[in-house]
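Working notes, structure below.
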Amino acid sequence: MSKHLVTSNGNGSSLLNPRTTSYEFLGPPGAFLITTLTLSVPYIFSFACSEKAGGCPRSFSELPAQFIDVVSDVEWWKAQWDPQGFGAYFAWYAFTVVAWAVVPGDWVDGLPTRTGQRIKYKINAFSTMLLSLGIVGGLIFTRGPSSFTYIYDHWVGILTGAMVNAIVQANLCYLSSFREGRLLALGGNSGNHLYDWFMGRELNPQIGSFDIKTFNELRPGMILWVLINISMACEQASRRGGTITDSMWLVLAFQGWYTVDALYNEPALFSTMDVASDGFGFMLSIGDLVWLPFTYSLQARYLAWNHVELGPVWTAAIFILHGLGYYIFRTANGDKNNFRNGKNPKGLSSMQTKRGTKLITSGWWGASRHPNYFGDLIMGLAWCLPTAFGTPVTYYYIIYFAVLLVHRQRRDDEACQHK
């Protein structure tokens, strides 16, 4: 991505915060389109692919018509106002903030920024998840699965709370980025308000030692994703006399393990592009707080009322497929993270770049340009397969993720060209 220096950009030195001279996502029009879609799609899935709508459509083309049919009822609109669910979401978010502050955790250094500074991050996301699961597990154990169907029952109110939170945070972080001395993201300082608001103008918005971007990446959305899945399983169990299907077990296990892995390996987050390069704007805010928990849980929500029984053969086959994807994903990411932090326990070979950095040329990274993405795609397919083939809508994740990873690959390739 080419850059040039300007005399002033509203945040001090143009040498430190140069203007962004090329766009991603087709620039401001693309930012507007993606903003519209990310605000709409979670509601479309919620209303057009639901038990009240008669299930999920048999094709993606039927989604708009089914959505319009549902929302054209005036009484339906009145039923959507759910202050309890709305308030419950903000209570959840407040809980995760308090847990960040009071749950013990080590402080670790992130990668150096352009100023040479290393931001310190508190590592306690995994402990926060264990605390959350302990509270929920105790509730279910003492009162039964029907005690934790609240998320299923108040889905729209909770979703709306998350949506408002994401928009408010994106707006506040954008406005605060104009304060003097802020370090701006190289890709979010174009001067176009819509585009910079979408991409994220400030690189690391913080309130004291509280880093907003990394907090939102792992805690309120990702842990909520697991709790949503558990609530959907409880809804299914309450209808089946206390048992759940093998398909629901697979979704709980796969997506739960993915979250456990991410939170347990929290320090690996700090070397990712989201943290090291991207600003915190609407794109990350809506992705972390809304898109991840409320669309990635579509399979569990579908299975809450559509009880798919796979049988032992298909269950085993899907389990093995997921294991293969996870092995590739974890070992490839582990090699990359070790290498970026100056460790090389496997003795991987590398090449020196013009910029002085090194690129791995053996192991997974020698065999493939993006082996971690390949493993991620295999796992994504395994998440969708437990829903069987009654509707393609529950396979949206693998389609969306493939498009996302192609974009990430292009960004990675462009970054490598500048090394």
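Each chain in the structure tokens gets a letter, A, B, ..., in the order shown, and its residues are numbered from 1; ligands are numbered from 1 in order too.
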
Review point. Running DSSP on the backbone, which parts of region 180-261 of chain A land in strand (DSSP E), as a PyMOL selection string?
Key: chain A and resi 206-207+210-211

Sorted per-residue table, region 215-317 of chain A near region 81-91 of chain A, closest atoms and distance, 12 Å, only C-alpha atoms, as a tab-separated table:
residue	atom	partner	partner_atom	distance
A:Pro220	CA	A:Tyr89	CA	9.6
A:Gly221	CA	A:Tyr89	CA	10.6
A:Leu224	CA	A:Tyr89	CA	9.6
A:Ile228	CA	A:Tyr89	CA	11.8
A:Leu289	CA	A:Tyr89	CA	10.6
A:Val290	CA	A:Tyr89	CA	11.2

Would you put the residues from that selection into a file with N, CA, C and O atoms, as an mmCIF file, in the first residue's frame?
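So the final result, stored in out_7.cif, reads:
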data_model
loop_
_atom_site.group_PDB
_atom_site.id
_atom_site.type_symbol
_atom_site.label_atom_id
_atom_site.label_comp_id
_atom_site.auth_asym_id
_atom_site.auth_seq_id
_atom_site.Cartn_x
_atom_site.Cartn_y
_atom_site.Cartn_z
ATOM 1 N N PRO A 220 -15.797 -9.889 25.236
ATOM 2 C CA PRO A 220 -17.274 -9.813 25.236
ATOM 3 C C PRO A 220 -17.940 -10.573 24.108
ATOM 4 O O PRO A 220 -19.010 -11.162 24.301
ATOM 5 N N GLY A 221 -17.341 -10.592 22.917
ATOM 6 C CA GLY A 221 -17.959 -11.286 21.793
ATOM 7 C C GLY A 221 -17.654 -12.764 21.733
ATOM 8 O O GLY A 221 -18.556 -13.588 21.553
ATOM 9 N N LEU A 224 -19.187 -14.659 24.643
ATOM 10 C CA LEU A 224 -20.636 -14.660 24.436
ATOM 11 C C LEU A 224 -21.036 -15.689 23.381
ATOM 12 O O LEU A 224 -22.103 -16.315 23.499
ATOM 13 N N ILE A 228 -23.920 -18.303 23.952
ATOM 14 C CA ILE A 228 -25.057 -18.422 23.032
ATOM 15 C C ILE A 228 -25.266 -19.879 22.638
ATOM 16 O O ILE A 228 -26.387 -20.403 22.667
ATOM 17 N N LEU A 289 -18.047 -7.532 18.253
ATOM 18 C CA LEU A 289 -19.158 -7.472 19.205
ATOM 19 C C LEU A 289 -20.465 -8.027 18.655
ATOM 20 O O LEU A 289 -21.331 -8.452 19.435
ATOM 21 N N VAL A 290 -20.642 -8.013 17.331
ATOM 22 C CA VAL A 290 -21.912 -8.447 16.743
ATOM 23 C C VAL A 290 -21.737 -9.624 15.802
ATOM 24 O O VAL A 290 -22.335 -10.685 15.982
#

Point to revise | Pick from A:Arg239, A:Arg330, A:Arg19, A:Lys213, whichever lies nearest to Ser146 (chain A) using only C-alpha atoms | key: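 Once distances to Ser146 (chain A) are computed over only C-alpha atoms, the minimum belongs to A:Arg239.
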
Exercise for review: For each of A:Val103, A:Ala53, A:Ala253, A:Leu111, take the minimum atom-to-atom distance to Trp305 (chain A), counting only C-alpha atoms, then give the residue where this is smallest.
Suggested key: A:Ala53

Review point. Where in region 149-332 of chain A does DSSP assign alpha helix (DSSP H), given as a ChimeraX atom specification?
Key: /A:150-153,155-176,193-199,212-218,220-239,246-264,273-276,282-286,292-295,298-305,312-332

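Excluding region 365-375 of chain A itself and any same-chain residue fewer than 4 positions from it, the protein and nucleic acid residues within 7 Å of it, counting only C-alpha atoms, are Gly325, Tyr326, Ile328, Phe329, Ala332, Asn333, Ile360, Thr361, Met379 and Leu405 of chain A.
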
**Study point:** Point-to-point distance in Å for CA of Leu227 (chain A) and CA of Asp278 (chain A)
**Key:**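 According to the coordinates, CA of Asp278 (chain A) and CA of Leu227 (chain A) are separated by 27.9 Å.
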
Check your understanding: Expressed in Å to a single decimal, how great is the separation between CA of Gln169 (chain A) and CA of Thr96 (chain A)?
Key ->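 These atoms are spaced 15.6 Å apart.
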
Check your understanding: Near Arg118 (chain A), counting only C-alpha atoms, which residues have an atom at most 12 Å away, once you skip same-chain residues fewer than 2 positions from it, shown as a PyMOL selection string?
Key -> chain A and resi 107-116+120-121+204+270-271+276

Can you spit out the residues from that selection as a short mmCIF file (atom, residue, chain, number, x, y, z; two decimals), in the first residue's frame, using all heavy atoms?
data_model
loop_
_atom_site.label_atom_id
_atom_site.label_comp_id
_atom_site.auth_asym_id
_atom_site.auth_seq_id
_atom_site.Cartn_x
_atom_site.Cartn_y
_atom_site.Cartn_z
N TRP A 107 0.93 -9.34 32.82
CA TRP A 107 1.02 -8.26 31.84
C TRP A 107 2.17 -8.59 30.89
O TRP A 107 3.28 -8.87 31.33
CB TRP A 107 1.27 -6.92 32.53
CG TRP A 107 0.09 -6.42 33.30
CD1 TRP A 107 -0.27 -6.74 34.57
CD2 TRP A 107 -0.91 -5.51 32.83
NE1 TRP A 107 -1.43 -6.09 34.93
CE2 TRP A 107 -1.85 -5.32 33.88
CE3 TRP A 107 -1.11 -4.84 31.62
CZ2 TRP A 107 -2.96 -4.49 33.75
CZ3 TRP A 107 -2.21 -4.00 31.50
CH2 TRP A 107 -3.12 -3.83 32.55
N VAL A 108 1.88 -8.59 29.59
CA VAL A 108 2.91 -8.92 28.60
C VAL A 108 3.04 -7.78 27.60
O VAL A 108 2.11 -6.99 27.40
CB VAL A 108 2.57 -10.24 27.86
CG1 VAL A 108 2.41 -11.38 28.82
CG2 VAL A 108 1.32 -10.08 27.01
N ASP A 109 4.21 -7.71 26.97
CA ASP A 109 4.47 -6.68 25.96
C ASP A 109 3.97 -7.13 24.59
O ASP A 109 4.15 -8.29 24.20
CB ASP A 109 5.97 -6.40 25.86
CG ASP A 109 6.50 -5.70 27.11
OD1 ASP A 109 5.71 -4.96 27.74
OD2 ASP A 109 7.68 -5.88 27.43
N GLY A 110 3.36 -6.20 23.85
CA GLY A 110 3.00 -6.44 22.47
C GLY A 110 4.18 -6.18 21.56
O GLY A 110 5.30 -5.89 22.01
N LEU A 111 3.97 -6.26 20.24
CA LEU A 111 5.02 -5.95 19.29
C LEU A 111 5.31 -4.46 19.30
O LEU A 111 4.44 -3.65 19.64
CB LEU A 111 4.59 -6.38 17.88
CG LEU A 111 4.37 -7.88 17.65
CD1 LEU A 111 3.92 -8.12 16.21
CD2 LEU A 111 5.63 -8.66 17.96
N PRO A 112 6.52 -4.05 18.91
CA PRO A 112 6.83 -2.61 18.88
C PRO A 112 5.95 -1.88 17.88
O PRO A 112 5.69 -2.37 16.78
CB PRO A 112 8.29 -2.57 18.45
CG PRO A 112 8.83 -3.94 18.71
CD PRO A 112 7.68 -4.87 18.54
N THR A 113 5.47 -0.70 18.25
CA THR A 113 4.73 0.15 17.32
C THR A 113 5.72 0.98 16.51
O THR A 113 6.94 0.86 16.67
CB THR A 113 3.77 1.08 18.08
OG1 THR A 113 4.54 1.98 18.89
CG2 THR A 113 2.84 0.27 18.98
N ARG A 114 5.22 1.86 15.65
CA ARG A 114 6.10 2.70 14.83
C ARG A 114 6.94 3.64 15.69
O ARG A 114 7.99 4.12 15.26
CB ARG A 114 5.29 3.52 13.83
CG ARG A 114 4.54 2.71 12.82
CD ARG A 114 4.06 3.54 11.63
NE ARG A 114 3.25 4.68 12.00
CZ ARG A 114 1.95 4.62 12.25
NH1 ARG A 114 1.32 3.44 12.21
NH2 ARG A 114 1.27 5.71 12.54
N THR A 115 6.48 3.92 16.90
CA THR A 115 7.24 4.79 17.80
C THR A 115 8.30 4.01 18.58
O THR A 115 9.08 4.61 19.31
CB THR A 115 6.29 5.47 18.81
OG1 THR A 115 5.68 4.46 19.64
CG2 THR A 115 5.20 6.25 18.08
N GLY A 116 8.30 2.68 18.44
CA GLY A 116 9.19 1.84 19.21
C GLY A 116 8.61 1.41 20.54
O GLY A 116 9.21 0.60 21.26
N LYS A 120 1.61 -2.72 26.89
CA LYS A 120 1.44 -3.85 27.81
C LYS A 120 -0.03 -4.27 27.83
O LYS A 120 -0.93 -3.43 27.92
CB LYS A 120 1.91 -3.48 29.22
CG LYS A 120 3.43 -3.38 29.34
CD LYS A 120 3.83 -3.21 30.79
CE LYS A 120 5.34 -3.25 30.95
NZ LYS A 120 5.89 -4.59 30.61
N TYR A 121 -0.26 -5.57 27.75
CA TYR A 121 -1.61 -6.12 27.73
C TYR A 121 -1.79 -7.08 28.89
O TYR A 121 -0.90 -7.88 29.20
CB TYR A 121 -1.86 -6.88 26.42
CG TYR A 121 -1.73 -6.04 25.18
CD1 TYR A 121 -0.59 -6.15 24.37
CD2 TYR A 121 -2.73 -5.16 24.79
CE1 TYR A 121 -0.46 -5.40 23.21
CE2 TYR A 121 -2.61 -4.41 23.64
CZ TYR A 121 -1.47 -4.52 22.85
OH TYR A 121 -1.35 -3.79 21.71
N ASN A 204 -4.35 2.19 18.43
CA ASN A 204 -4.55 1.53 19.73
C ASN A 204 -5.30 2.43 20.70
O ASN A 204 -4.72 2.96 21.65
CB ASN A 204 -3.20 1.13 20.35
CG ASN A 204 -2.39 0.20 19.48
OD1 ASN A 204 -1.37 0.58 18.93
ND2 ASN A 204 -2.86 -1.03 19.35
N PHE A 270 -1.46 -10.69 19.80
CA PHE A 270 -0.78 -9.40 19.68
C PHE A 270 0.14 -9.31 18.47
O PHE A 270 0.63 -8.23 18.15
CB PHE A 270 -0.01 -9.11 20.97
CG PHE A 270 -0.85 -9.26 22.21
CD1 PHE A 270 -0.39 -9.94 23.32
CD2 PHE A 270 -2.15 -8.75 22.23
CE1 PHE A 270 -1.19 -10.09 24.45
CE2 PHE A 270 -2.95 -8.91 23.36
CZ PHE A 270 -2.47 -9.57 24.47
N SER A 271 0.37 -10.43 17.79
CA SER A 271 1.17 -10.41 16.57
C SER A 271 0.31 -10.48 15.31
O SER A 271 0.83 -10.54 14.21
CB SER A 271 2.19 -11.56 16.58
OG SER A 271 1.52 -12.82 16.58
N ALA A 276 -1.65 -5.46 15.29
CA ALA A 276 -0.40 -4.78 14.95
C ALA A 276 -0.57 -3.70 13.90
O ALA A 276 0.20 -2.73 13.89
CB ALA A 276 0.62 -5.81 14.47
#

**Study point:** Contact residues around Pro64 (chain A) with only C-alpha atoms at 12 Å, ignoring same-chain residues under 2 positions, as a PyMOL selection string
**Key:** chain A and resi 40-41+43-45+47-49+56-57+59-62+66-71

Please, could you write that set of residues out with C-alpha atoms as a compact mmCIF listing (two decimals), in the first residue's frame?
# COMPACT_ATOMS: atom_id res chain seq x y z
CA SER A 40 -28.59 -5.88 8.22
CA VAL A 41 -27.41 -9.48 7.88
CA TYR A 43 -31.22 -9.31 11.66
CA ILE A 44 -31.98 -11.03 8.35
CA PHE A 45 -30.62 -14.30 9.73
CA PHE A 47 -35.88 -13.10 11.39
CA ALA A 48 -35.78 -15.06 8.11
CA CYS A 49 -33.99 -18.11 9.48
CA CYS A 56 -34.48 -21.52 7.26
CA PRO A 57 -35.07 -20.96 3.53
CA SER A 59 -31.86 -21.26 -0.81
CA PHE A 60 -30.14 -17.94 -0.19
CA SER A 61 -32.38 -16.34 -2.82
CA GLU A 62 -35.42 -16.97 -0.61
CA GLN A 66 -38.95 -14.56 3.83
CA PHE A 67 -37.47 -11.62 5.72
CA ILE A 68 -39.95 -9.16 4.16
CA ASP A 69 -42.84 -11.49 4.91
CA VAL A 70 -41.88 -11.64 8.58
CA VAL A 71 -41.25 -7.91 9.11

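Ranking A:Gly157, A:Pro293, A:Pro29, A:Pro42 by their shortest atom-to-atom distance to Gln255 (chain A), with only C-alpha atoms included, puts A:Pro293 first.
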
**Study point:** Distance in Å - CA of Thr21 (chain A) versus CA of Leu269 (chain A)
**Key:**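 Between these atoms lies a distance of 27.5 Å.
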
Review point. With only C-alpha atoms as the atoms that count, which of A:Val168, A:Ile223, A:Leu33, A:Ala101 lies nearest to Trp257 (chain A)?
Key: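 Of all the options, A:Ile223 lies closest to Trp257 (chain A).
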